[in-house]
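Worksheet: the structure to be examined is printed underneath.
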Amino acid sequence: MTKGGMESVEVFTTEGKGRGLKAQKEFLPGDVIFAEPAYAAVVFDSLTHVICHTCFKRQERLHRCGQCKFAYYCDRTCQRAAWLNHKNECSAIKRHGKAPTENIRLAARILWKIEREGSGLSEGCLVSIDELQNHVDSFGEEEKKELRTDVESFLEFWPPHCQQFGMQFISHIFGVISCNGFTLSDQRGLQAVGVGIFPNLCQANHDCWPNCTVVFNNGNHEAVRSMFHTQMRIELRALNKISPGDELTVSYVDFLNLSEERRKQLKKQYYFDCTCEHCKKQLKDDLMLAVKAGESKPSADTVKEVIQLSKDTLEKINKARMEGHYHEVVKLCRDCLTKQEPVLGDTNIYLLRILSIASEVLSYLQMFEEAADYAKRMVDGYLKIYHPNNAQLGMAVMRAGVTHWHAGLIEAGHGLICKAYAILLITHGPSHPITKDLEVMRVQTEMELRMFQQNEFMYYKMREAALKNQKIQVMPEPSNENAPSLFHKKE
C-alpha cells in the first residue's frame with residue numbers, strides 16, 4: 001500500500017504480532033520515514049486554556065472561541081485551520097452546556113470525521129479506523145466499567161441530529177483510543193499536553209531497542225501559508241541504518257527499566273508479551289542492577305536493603321516535589337546517595353534515578369556546581385545503558401550540558417551540549433524548536449570556550465561581571481512528570 005507520502009513503507013502481517021510496518025527502501029539515521037497528521041486530536045482537560053487546540057503549542061496569550069468559550073488558539077490562522085474539526089464540537093458544547101472529558105471529545109471528533117468521510121481508508125492512511133486494534137476483549141473489570149461510563153457520557157454529549165452509531169462501534173472507538181492514543185507534547189517536547197490518533201503510526205510494533213523514534217512536530221509558525229503554519233504532525237525517524245524489508249519498530253516504554261518491569265508495563269497497557277531480544281535475553285539488566293565492584297563486594301542482604309531504601313526514598317521525594325519542598329528533596333537525595341554509593345554500581349537504575357532528581361532540583365535552586373557533578377555521573381551511567389540515538393538520552397545530556405555551563409565549567413558544558421546536539425539532530429531533526437535552542441547554546445558555548453582557552457582569568461572576570469548585571473537564567477521548575485511516553489494511557 002503506498003498512499004499519500006507513504007510510498008516508503010508497507011503494512012505486512014507479522015507472526016504472533018499482527019500487522020507491522022516494513023521499510024520499502026534504505027534509510028539512514030535521522031531520515032524521516034514518514035510524517036503523518038492526526039486523524040483526530042484533543043488537548044488534555046487540565047490544559048485547555050493554555051495550549052492551542054490546533055497546533056498544541058503552549059502560548060502566553062491565546063484567542064478564545066467566541067461561540068463555545070472553550071477552545072483556544074494561537075491566532076486567526078490556527079482558528080481557521082481548526083474550524084472543520086471544531087464546528088460540530090462547538091455547537092455540541094453549547095447545547096450540552098459544558099465540554100466533556102478529553103476521551104469523550106476525542107471519540108466525538110473521530111466519529112464526526114467518519115460522518116463526513118466514511119470509515120474507510122482516509123487519504124494518506126494505510127489502514128482504516130475500523131481496522132485498528134481495540135483490545136476491548138482483553139479489558140479487565142475496571143476497564144470495562146470505565147468503558148461503559150465513557151459510552152454513557154458520550155451518548156449524552158452526542159447531538160441527536162448527527163449520524164447515530166451502534167454501541168459496539170462506539171465501544172470500538174473508545175478501545176482504539178485506550179490502546180492507540182498517542183501522546184502530544186508542547187513545542188519543547190517536555191510536557192504531555194494532549195492525545196491524538198495516528199492510524200499509520202499505530203501499525204508500528206514495539207521493540208525495547210527500536211530502529212525508529214517518533215517525534216511530535218507542532219508546525220512552523222514562521223510560515224505564512226496556512227498548511228505549514230499549523231500543520232502539526234508526527235514524524236517517524238530512523239535511529240540507525242535501515243535496509244529495505246526491515247521491520248520498522250518504536251519503543252512504547254522508556255528503556256530505563258528492568259526487562260521484567262518493561263514486560264509488565266507492556267502487558268498491562270498494550271496487552272502483549274514482549275518477545276524482543278532485549279527482553280528475552282534480559283540484556284542490560286546486569287548493568288541496571290550493578291553493585292559496587294572491588295574486593296569487598298557488598299552482601300546480597302545489604303544490596304536488598306539499599307534498593308528498598310531507594311524505593312522508599314523515591315516515594316518520599318515524589319511527595320516533597322508535589323508540595324514544592326525542593327530543599328527537602330535535596331536532603332533526601334543526599335542522604336540516599338550516601339547509603340547507595342558504597343553499595344550500588346554507577347549504572348544501577350536506583351542510583352541513576354536519585355542522581356537525575358538531585359541534578360534537576362539543584363539546578364532549579366541554582367546550586368549549579370553540585371548539580372553538575374550529579375548530572376555528569378547520571379549521563380555517564382545513561383551512556384552505558386541507552387541506545388546511542390535515544391531521545392531521552394539526548395535530553396538528559398542537554399540538561400547536563402546546560403548545568404555545567406551555568407556552573408562555569410565551560411569545557412565540559414560545551415562538550416555535553418555538542419553531544420546532545422548530535423543525538424537530537426537524529427531524533428528530532430534540525431528544524432525542531434528544541435534542536436534550534438540547542439544550536440544557539442552550542443554557538444554561544446563555543447564562543448565562550450574560545451575566550452576561556454585564550455585567557456582563563458579574563459573569561460571568569462567577564463562571566464562574574466555578566467552575572468552581576470544579569471540574573472542567571474533560572475532553570476524551569478522541576479516537573480513531577482516523567483518525559484512524555486509514546487502512547488497515552490488514560491489513568
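Convention: chains lettered A, B, ... in C-alpha cells order; per-chain residue numbering from 1; ligands numbered from 1 as shown.
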
Please report as CSV every residue of range 252-312 of chain A lying within 12 Å of range 376-388 of chain A, along with the nearest atom pair and their distance in Å (one decimal), using only C-alpha atoms.
residue,atom,partner,partner_atom,distance
A:Asp254,CA,A:Tyr386,CA,9.6
A:Phe255,CA,A:Tyr386,CA,7.0
A:Leu256,CA,A:Tyr386,CA,7.4
A:Asn257,CA,A:Ile385,CA,10.1
A:Leu258,CA,A:Ile385,CA,11.0
A:His278,CA,A:His387,CA,11.6
A:Leu283,CA,A:Ile385,CA,9.7
A:Lys284,CA,A:Ile385,CA,6.6
A:Asp285,CA,A:Ile385,CA,9.2
A:Asp286,CA,A:Ile385,CA,10.2
A:Leu287,CA,A:Ile385,CA,7.2
A:Met288,CA,A:Ile385,CA,7.7
A:Leu289,CA,A:Ile385,CA,11.3
A:Ala290,CA,A:Gly381,CA,10.8

Write the residues of the preceding selection, restricted to N, CA, C and O atoms, as an mmCIF file, in the first residue's frame.
data_model
loop_
_atom_site.group_PDB
_atom_site.id
_atom_site.type_symbol
_atom_site.label_atom_id
_atom_site.label_comp_id
_atom_site.auth_asym_id
_atom_site.auth_seq_id
_atom_site.Cartn_x
_atom_site.Cartn_y
_atom_site.Cartn_z
ATOM 1 N N ASP A 254 9.806 3.568 28.261
ATOM 2 C CA ASP A 254 11.184 4.009 28.476
ATOM 3 C C ASP A 254 12.060 2.775 28.719
ATOM 4 O O ASP A 254 11.692 1.876 29.486
ATOM 5 N N PHE A 255 13.225 2.737 28.082
ATOM 6 C CA PHE A 255 14.122 1.582 28.224
ATOM 7 C C PHE A 255 14.717 1.486 29.625
ATOM 8 O O PHE A 255 15.133 0.413 30.058
ATOM 9 N N LEU A 256 14.757 2.593 30.355
ATOM 10 C CA LEU A 256 15.472 2.626 31.644
ATOM 11 C C LEU A 256 14.679 1.923 32.746
ATOM 12 O O LEU A 256 14.386 2.487 33.800
ATOM 13 N N ASN A 257 14.294 0.687 32.489
ATOM 14 C CA ASN A 257 13.624 -0.177 33.456
ATOM 15 C C ASN A 257 14.100 -1.596 33.215
ATOM 16 O O ASN A 257 14.450 -1.950 32.085
ATOM 17 N N LEU A 258 14.070 -2.433 34.235
ATOM 18 C CA LEU A 258 14.456 -3.830 34.062
ATOM 19 C C LEU A 258 13.511 -4.491 33.070
ATOM 20 O O LEU A 258 12.342 -4.114 32.964
ATOM 21 N N HIS A 278 16.054 -7.872 23.693
ATOM 22 C CA HIS A 278 16.489 -7.310 24.975
ATOM 23 C C HIS A 278 15.701 -7.873 26.149
ATOM 24 O O HIS A 278 16.234 -8.004 27.246
ATOM 25 N N LEU A 283 18.977 -8.349 28.311
ATOM 26 C CA LEU A 283 20.180 -7.554 28.031
ATOM 27 C C LEU A 283 20.145 -6.260 28.835
ATOM 28 O O LEU A 283 19.089 -5.645 28.979
ATOM 29 N N LYS A 284 21.263 -5.867 29.339
ATOM 30 C CA LYS A 284 21.472 -4.629 30.115
ATOM 31 C C LYS A 284 20.899 -4.701 31.541
ATOM 32 O O LYS A 284 21.098 -3.776 32.318
ATOM 33 N N ASP A 285 20.160 -5.782 31.872
ATOM 34 C CA ASP A 285 19.640 -5.904 33.247
ATOM 35 C C ASP A 285 20.787 -5.931 34.263
ATOM 36 O O ASP A 285 20.672 -5.376 35.356
ATOM 37 N N ASP A 286 21.886 -6.607 33.869
ATOM 38 C CA ASP A 286 23.036 -6.682 34.795
ATOM 39 C C ASP A 286 23.588 -5.285 35.082
ATOM 40 O O ASP A 286 23.966 -4.983 36.224
ATOM 41 N N LEU A 287 23.612 -4.420 34.058
ATOM 42 C CA LEU A 287 24.087 -3.043 34.265
ATOM 43 C C LEU A 287 23.125 -2.280 35.169
ATOM 44 O O LEU A 287 23.551 -1.541 36.065
ATOM 45 N N MET A 288 21.814 -2.470 34.935
ATOM 46 C CA MET A 288 20.817 -1.710 35.700
ATOM 47 C C MET A 288 20.728 -2.169 37.156
ATOM 48 O O MET A 288 20.178 -1.460 37.984
ATOM 49 N N LEU A 289 21.271 -3.364 37.451
ATOM 50 C CA LEU A 289 21.274 -3.853 38.836
ATOM 51 C C LEU A 289 22.697 -3.940 39.384
ATOM 52 O O LEU A 289 22.941 -4.613 40.385
ATOM 53 N N ALA A 290 23.638 -3.255 38.717
ATOM 54 C CA ALA A 290 25.055 -3.360 39.091
ATOM 55 C C ALA A 290 25.301 -2.992 40.552
ATOM 56 O O ALA A 290 24.677 -2.073 41.087
#

Report task. Give me every helix (DSSP H, G or I) residue in range 139-374 of chain A, going by DSSP on the backbone, as number ranges by chain. Result -> A: 141-157, 167-180, 201-203, 226-230, 259-270, 277-280, 285-288, 300-322, 326-340, 349-364, 368-374

Query - Selection near Phe272 in chain A, 9 Å with only C-alpha atoms, sequence-local residues under 6 positions removed, as a list of chain:residue names - result: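 In the requested format, the answer is A:Lys17, A:Arg263, A:Leu266.
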
Write the selection just made, keeping all heavy atoms, as a PDB file, in the first residue's frame?
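Dumped to result.pdb:
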ATOM      1  N   LYS A  17       2.425 -11.159  16.049  1.00  0.00           N
ATOM      2  CA  LYS A  17       2.287  -9.748  16.453  1.00  0.00           C
ATOM      3  C   LYS A  17       1.245  -8.996  15.642  1.00  0.00           C
ATOM      4  O   LYS A  17       1.080  -7.795  15.807  1.00  0.00           O
ATOM      5  CB  LYS A  17       3.646  -9.021  16.299  1.00  0.00           C
ATOM      6  CG  LYS A  17       4.681  -9.443  17.329  1.00  0.00           C
ATOM      7  CD  LYS A  17       5.824  -8.443  17.453  1.00  0.00           C
ATOM      8  CE  LYS A  17       6.746  -8.422  16.263  1.00  0.00           C
ATOM      9  NZ  LYS A  17       7.921  -7.558  16.482  1.00  0.00           N
ATOM     10  N   ARG A 263       8.199  -5.512  30.566  1.00  0.00           N
ATOM     11  CA  ARG A 263       7.230  -6.516  30.085  1.00  0.00           C
ATOM     12  C   ARG A 263       5.898  -6.391  30.826  1.00  0.00           C
ATOM     13  O   ARG A 263       4.832  -6.497  30.224  1.00  0.00           O
ATOM     14  CB  ARG A 263       7.803  -7.927  30.246  1.00  0.00           C
ATOM     15  CG  ARG A 263       8.972  -8.175  29.307  1.00  0.00           C
ATOM     16  CD  ARG A 263       9.524  -9.555  29.451  1.00  0.00           C
ATOM     17  NE  ARG A 263       8.776 -10.490  28.610  1.00  0.00           N
ATOM     18  CZ  ARG A 263       9.213 -11.709  28.323  1.00  0.00           C
ATOM     19  NH1 ARG A 263      10.348 -12.147  28.793  1.00  0.00           N
ATOM     20  NH2 ARG A 263       8.501 -12.504  27.566  1.00  0.00           N
ATOM     21  N   LEU A 266       4.087  -3.316  29.500  1.00  0.00           N
ATOM     22  CA  LEU A 266       3.568  -3.539  28.146  1.00  0.00           C
ATOM     23  C   LEU A 266       2.341  -4.450  28.171  1.00  0.00           C
ATOM     24  O   LEU A 266       1.376  -4.232  27.446  1.00  0.00           O
ATOM     25  CB  LEU A 266       4.662  -4.140  27.253  1.00  0.00           C
ATOM     26  CG  LEU A 266       5.797  -3.174  26.900  1.00  0.00           C
ATOM     27  CD1 LEU A 266       7.026  -3.933  26.415  1.00  0.00           C
ATOM     28  CD2 LEU A 266       5.357  -2.152  25.852  1.00  0.00           C
TER      29      LEU A 266
END

**Report entry** Nearest-residue call for Leu132 in chain A, choices A:Gln168, A:Asn389, A:Ser431, A:Asn180, using only C-alpha atoms
**Finding:**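 Nearest to Leu132 in chain A: A:Asn180.
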
What's the 12 Å shell around Asp246 in chain A, counting only C-alpha atoms, without same-chain residues fewer than 6 positions away, as a PDB file with N, CA, C and O atoms, in the first residue's frame?
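Produced file out_9.pdb, reproduced below:
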ATOM      1  N   SER A   8       7.226   4.827   1.110  1.00  0.00           N
ATOM      2  CA  SER A   8       8.451   4.191   1.608  1.00  0.00           C
ATOM      3  C   SER A   8       8.199   3.086   2.632  1.00  0.00           C
ATOM      4  O   SER A   8       9.123   2.476   3.122  1.00  0.00           O
ATOM      5  N   VAL A   9       6.914   2.846   2.956  1.00  0.00           N
ATOM      6  CA  VAL A   9       6.604   1.783   3.922  1.00  0.00           C
ATOM      7  C   VAL A   9       5.453   0.926   3.399  1.00  0.00           C
ATOM      8  O   VAL A   9       4.678   1.359   2.562  1.00  0.00           O
ATOM      9  N   GLU A  10       5.391  -0.298   3.927  1.00  0.00           N
ATOM     10  CA  GLU A  10       4.228  -1.131   3.609  1.00  0.00           C
ATOM     11  C   GLU A  10       3.772  -1.851   4.873  1.00  0.00           C
ATOM     12  O   GLU A  10       4.560  -2.131   5.774  1.00  0.00           O
ATOM     13  N   VAL A  11       2.466  -2.138   4.910  1.00  0.00           N
ATOM     14  CA  VAL A  11       1.904  -2.905   6.025  1.00  0.00           C
ATOM     15  C   VAL A  11       2.067  -4.380   5.691  1.00  0.00           C
ATOM     16  O   VAL A  11       1.831  -4.799   4.565  1.00  0.00           O
ATOM     17  N   PHE A  12       2.513  -5.164   6.683  1.00  0.00           N
ATOM     18  CA  PHE A  12       2.605  -6.614   6.466  1.00  0.00           C
ATOM     19  C   PHE A  12       2.135  -7.310   7.737  1.00  0.00           C
ATOM     20  O   PHE A  12       2.003  -6.670   8.789  1.00  0.00           O
ATOM     21  N   THR A  14       2.823  -9.839  10.701  1.00  0.00           N
ATOM     22  CA  THR A  14       3.972 -10.477  11.354  1.00  0.00           C
ATOM     23  C   THR A  14       3.465 -11.640  12.197  1.00  0.00           C
ATOM     24  O   THR A  14       2.373 -11.582  12.740  1.00  0.00           O
ATOM     25  N   GLY A  20       2.326  -5.099  11.008  1.00  0.00           N
ATOM     26  CA  GLY A  20       3.518  -4.308  11.301  1.00  0.00           C
ATOM     27  C   GLY A  20       3.853  -3.453  10.090  1.00  0.00           C
ATOM     28  O   GLY A  20       3.175  -3.524   9.059  1.00  0.00           O
ATOM     29  N   LEU A  21       4.904  -2.647  10.211  1.00  0.00           N
ATOM     30  CA  LEU A  21       5.351  -1.814   9.092  1.00  0.00           C
ATOM     31  C   LEU A  21       6.733  -2.265   8.649  1.00  0.00           C
ATOM     32  O   LEU A  21       7.588  -2.591   9.475  1.00  0.00           O
ATOM     33  N   LYS A  22       6.936  -2.246   7.319  1.00  0.00           N
ATOM     34  CA  LYS A  22       8.208  -2.671   6.755  1.00  0.00           C
ATOM     35  C   LYS A  22       8.753  -1.561   5.859  1.00  0.00           C
ATOM     36  O   LYS A  22       7.984  -0.896   5.161  1.00  0.00           O
ATOM     37  N   ALA A  23      10.076  -1.383   5.876  1.00  0.00           N
ATOM     38  CA  ALA A  23      10.703  -0.366   5.010  1.00  0.00           C
ATOM     39  C   ALA A  23      10.718  -0.863   3.574  1.00  0.00           C
ATOM     40  O   ALA A  23      10.979  -2.037   3.311  1.00  0.00           O
ATOM     41  N   GLN A  24      10.451   0.065   2.651  1.00  0.00           N
ATOM     42  CA  GLN A  24      10.480  -0.267   1.218  1.00  0.00           C
ATOM     43  C   GLN A  24      11.798   0.176   0.583  1.00  0.00           C
ATOM     44  O   GLN A  24      12.053  -0.129  -0.570  1.00  0.00           O
ATOM     45  N   LYS A  25      12.566   0.983   1.342  1.00  0.00           N
ATOM     46  CA  LYS A  25      13.845   1.452   0.800  1.00  0.00           C
ATOM     47  C   LYS A  25      14.821   1.646   1.965  1.00  0.00           C
ATOM     48  O   LYS A  25      14.449   1.483   3.126  1.00  0.00           O
ATOM     49  N   GLU A  26      16.041   2.018   1.658  1.00  0.00           N
ATOM     50  CA  GLU A  26      17.050   2.201   2.713  1.00  0.00           C
ATOM     51  C   GLU A  26      16.867   3.555   3.402  1.00  0.00           C
ATOM     52  O   GLU A  26      16.537   4.551   2.759  1.00  0.00           O
ATOM     53  N   PHE A  27      17.064   3.573   4.714  1.00  0.00           N
ATOM     54  CA  PHE A  27      17.040   4.824   5.480  1.00  0.00           C
ATOM     55  C   PHE A  27      18.317   4.919   6.306  1.00  0.00           C
ATOM     56  O   PHE A  27      18.843   3.911   6.782  1.00  0.00           O
ATOM     57  N   ALA A 204       3.088   0.464  13.693  1.00  0.00           N
ATOM     58  CA  ALA A 204       4.488   0.165  14.056  1.00  0.00           C
ATOM     59  C   ALA A 204       4.511  -0.637  15.353  1.00  0.00           C
ATOM     60  O   ALA A 204       3.964  -0.213  16.365  1.00  0.00           O
ATOM     61  N   PRO A 210      14.476  -0.137  19.606  1.00  0.00           N
ATOM     62  CA  PRO A 210      13.876   0.029  18.280  1.00  0.00           C
ATOM     63  C   PRO A 210      14.843   0.623  17.262  1.00  0.00           C
ATOM     64  O   PRO A 210      15.895   1.152  17.619  1.00  0.00           O
ATOM     65  N   ASN A 211      14.435   0.563  15.982  1.00  0.00           N
ATOM     66  CA  ASN A 211      15.256   1.207  14.943  1.00  0.00           C
ATOM     67  C   ASN A 211      14.664   2.558  14.518  1.00  0.00           C
ATOM     68  O   ASN A 211      15.190   3.224  13.643  1.00  0.00           O
ATOM     69  N   CYS A 212      13.522   2.945  15.139  1.00  0.00           N
ATOM     70  CA  CYS A 212      12.888   4.233  14.823  1.00  0.00           C
ATOM     71  C   CYS A 212      12.486   4.953  16.109  1.00  0.00           C
ATOM     72  O   CYS A 212      12.349   4.331  17.162  1.00  0.00           O
ATOM     73  N   ALA A 238      14.349   7.478  11.486  1.00  0.00           N
ATOM     74  CA  ALA A 238      15.253   6.325  11.627  1.00  0.00           C
ATOM     75  C   ALA A 238      16.326   6.625  12.674  1.00  0.00           C
ATOM     76  O   ALA A 238      16.885   7.717  12.693  1.00  0.00           O
ATOM     77  N   ASN A 240      18.896   4.204  13.229  1.00  0.00           N
ATOM     78  CA  ASN A 240      20.122   3.646  12.663  1.00  0.00           C
ATOM     79  C   ASN A 240      19.844   3.282  11.210  1.00  0.00           C
ATOM     80  O   ASN A 240      18.751   3.540  10.712  1.00  0.00           O
TER      81      ASN A 240
END

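Atom to atom, CA of Arg353 in chain A and CA of Glu315 in chain A stand 11.9 Å apart.
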
Query raised in the report: Pick the closest to Gly196 in chain A from A:Pro430, A:Pro37, A:Gly401, A:Gly175: which is it, counting only C-alpha atoms?
Result: A:Pro37

Requested in this report: Quick one: everything within 12 Å of Arg61 in chain A, counting only C-alpha atoms, minus sequence neighbours fewer than 3 positions away in the same chain. Send it as a list in words.
Outcome: His49, Val50, Ile51, Cys52, Lys57, Arg58, Arg64, Tyr72, Tyr73, Cys74 and Asp75 of chain A

Requested in this report: Just the residues within 8 Å of Val42 in chain A, please, counting only C-alpha atoms, with nothing from its chain fewer than 2 positions along; format it as a PyMOL selection string.
Outcome: chain A and resi 40+44+53+102+105-106+194-196

Report task. Do a neighbour search on Ile417 in chain A at 8 Å with only C-alpha atoms, toss out local chain neighbours closer than 4 positions, and write the hits as a list of chain:residue names. Result ->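 Selected residues are A:Val397, A:Met398, A:Gly401, A:Val402, A:Gly413, A:Tyr421, A:Leu438, A:Met441, A:Arg442.
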
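For the set A:Val32, A:Cys162, A:Leu147, A:Met462, the residue with the smallest atom-to-atom gap to Asn88 in chain A is A:Cys162, counting only C-alpha atoms.
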